[in-house]
Amino acid sequence: MKDLTHIDFLTRVAKAMRFEPCPRASIGCIHADYIKHKHVVGMTISSEHYHLSHEMIKDIEQTLEDIFLSFMWEACGLNSTWCVEAWHYGFNEPNITDGDIYVVDQEDGTFDVVRRYPSRDEDECKLIEGGFTSKESAMTYVENNYKGGK
């Protein structure tokens, strides 16, 4: 397996954002590969092409994390599937996969975090955590507790 650097991943993300008509799925695949290399395979700090300081690598890591996070949320509410505003967390398509995580506007000034099971007879949502006073606080809860969408 080729040793990959942080720059290699940043380049892959930039290409997906520039050339893919719908980059979300591609960036999801890049994210999975990034996590695998970061935590299992290992990532090369530099190569013969890139000689980076520790600070520059940390900046690139933060940029990658910010980009991945920006593609993790997708608005999916107020349609035939949801009668309220909802936001899907993860790289797969919303409203398809059982167990995916959503932030739902309860229209009473609170937001809930739920798991949705569209394949069940009654299109069931199970409450994970409720009563958040802002969408941002509910999303932060999800980001801190459900890395990668599951």
# chains A, B, ... in the order shown; residues from 1 in each chain; ligands from 1

call {"tool": "select_by_dssp", "arguments": {"residues": "stretch 10-98 of chain A", "states": "strand (DSSP E)", "output": "list in words"}}
result
Trp73, Glu74, Ala75, Ala86, Trp87, His88 and Tyr89 of chain A

call {"tool": "atom_distance", "arguments": {"atom1": "atom CA of A:Ala138", "atom2": "atom CA of A:Ile27"}}
result
23.3 Å

call {"tool": "residues_around", "arguments": {"residues": "A:Val113", "least_positions_apart": "4", "cutoff": "12 Å", "atoms": "only C-alpha atoms", "output": "VMD selection string"}}
result
chain A and resid 86 to 89 99 to 106 125 to 143 145 to 146

call {"tool": "atom_distance", "arguments": {"atom1": "atom CA of A:Glu93", "atom2": "atom CA of A:Phe9"}}
result
22.6 Å

call {"tool": "closest_residue", "arguments": {"among": "A:Arg120, A:Glu74, A:Phe68, A:Glu61", "to": "A:Ala16", "atoms": "only C-alpha atoms"}}
result
A:Phe68

call {"tool": "select_by_dssp", "arguments": {"residues": "stretch 18-100 of chain A", "states": "alpha helix (DSSP H)", "output": "PyMOL selection string"}}
result
chain A and resi 18-19+24-36+54-72

call {"tool": "closest_residue", "arguments": {"among": "A:Arg18, A:His31, A:Lys58, A:Lys38", "to": "A:Ser70", "atoms": "only C-alpha atoms"}}
result
A:His31

call {"tool": "atom_distance", "arguments": {"atom1": "atom CA of A:Cys83", "atom2": "atom CA of A:Asn144"}}
result
26.9 Å

call {"tool": "residues_around", "arguments": {"residues": "A:Asn92", "least_positions_apart": "6", "cutoff": "10 Å", "atoms": "only C-alpha atoms", "output": "JSON, numbers by chain"}}
result
{"A": [24, 25, 28, 29, 72, 74, 100, 149]}
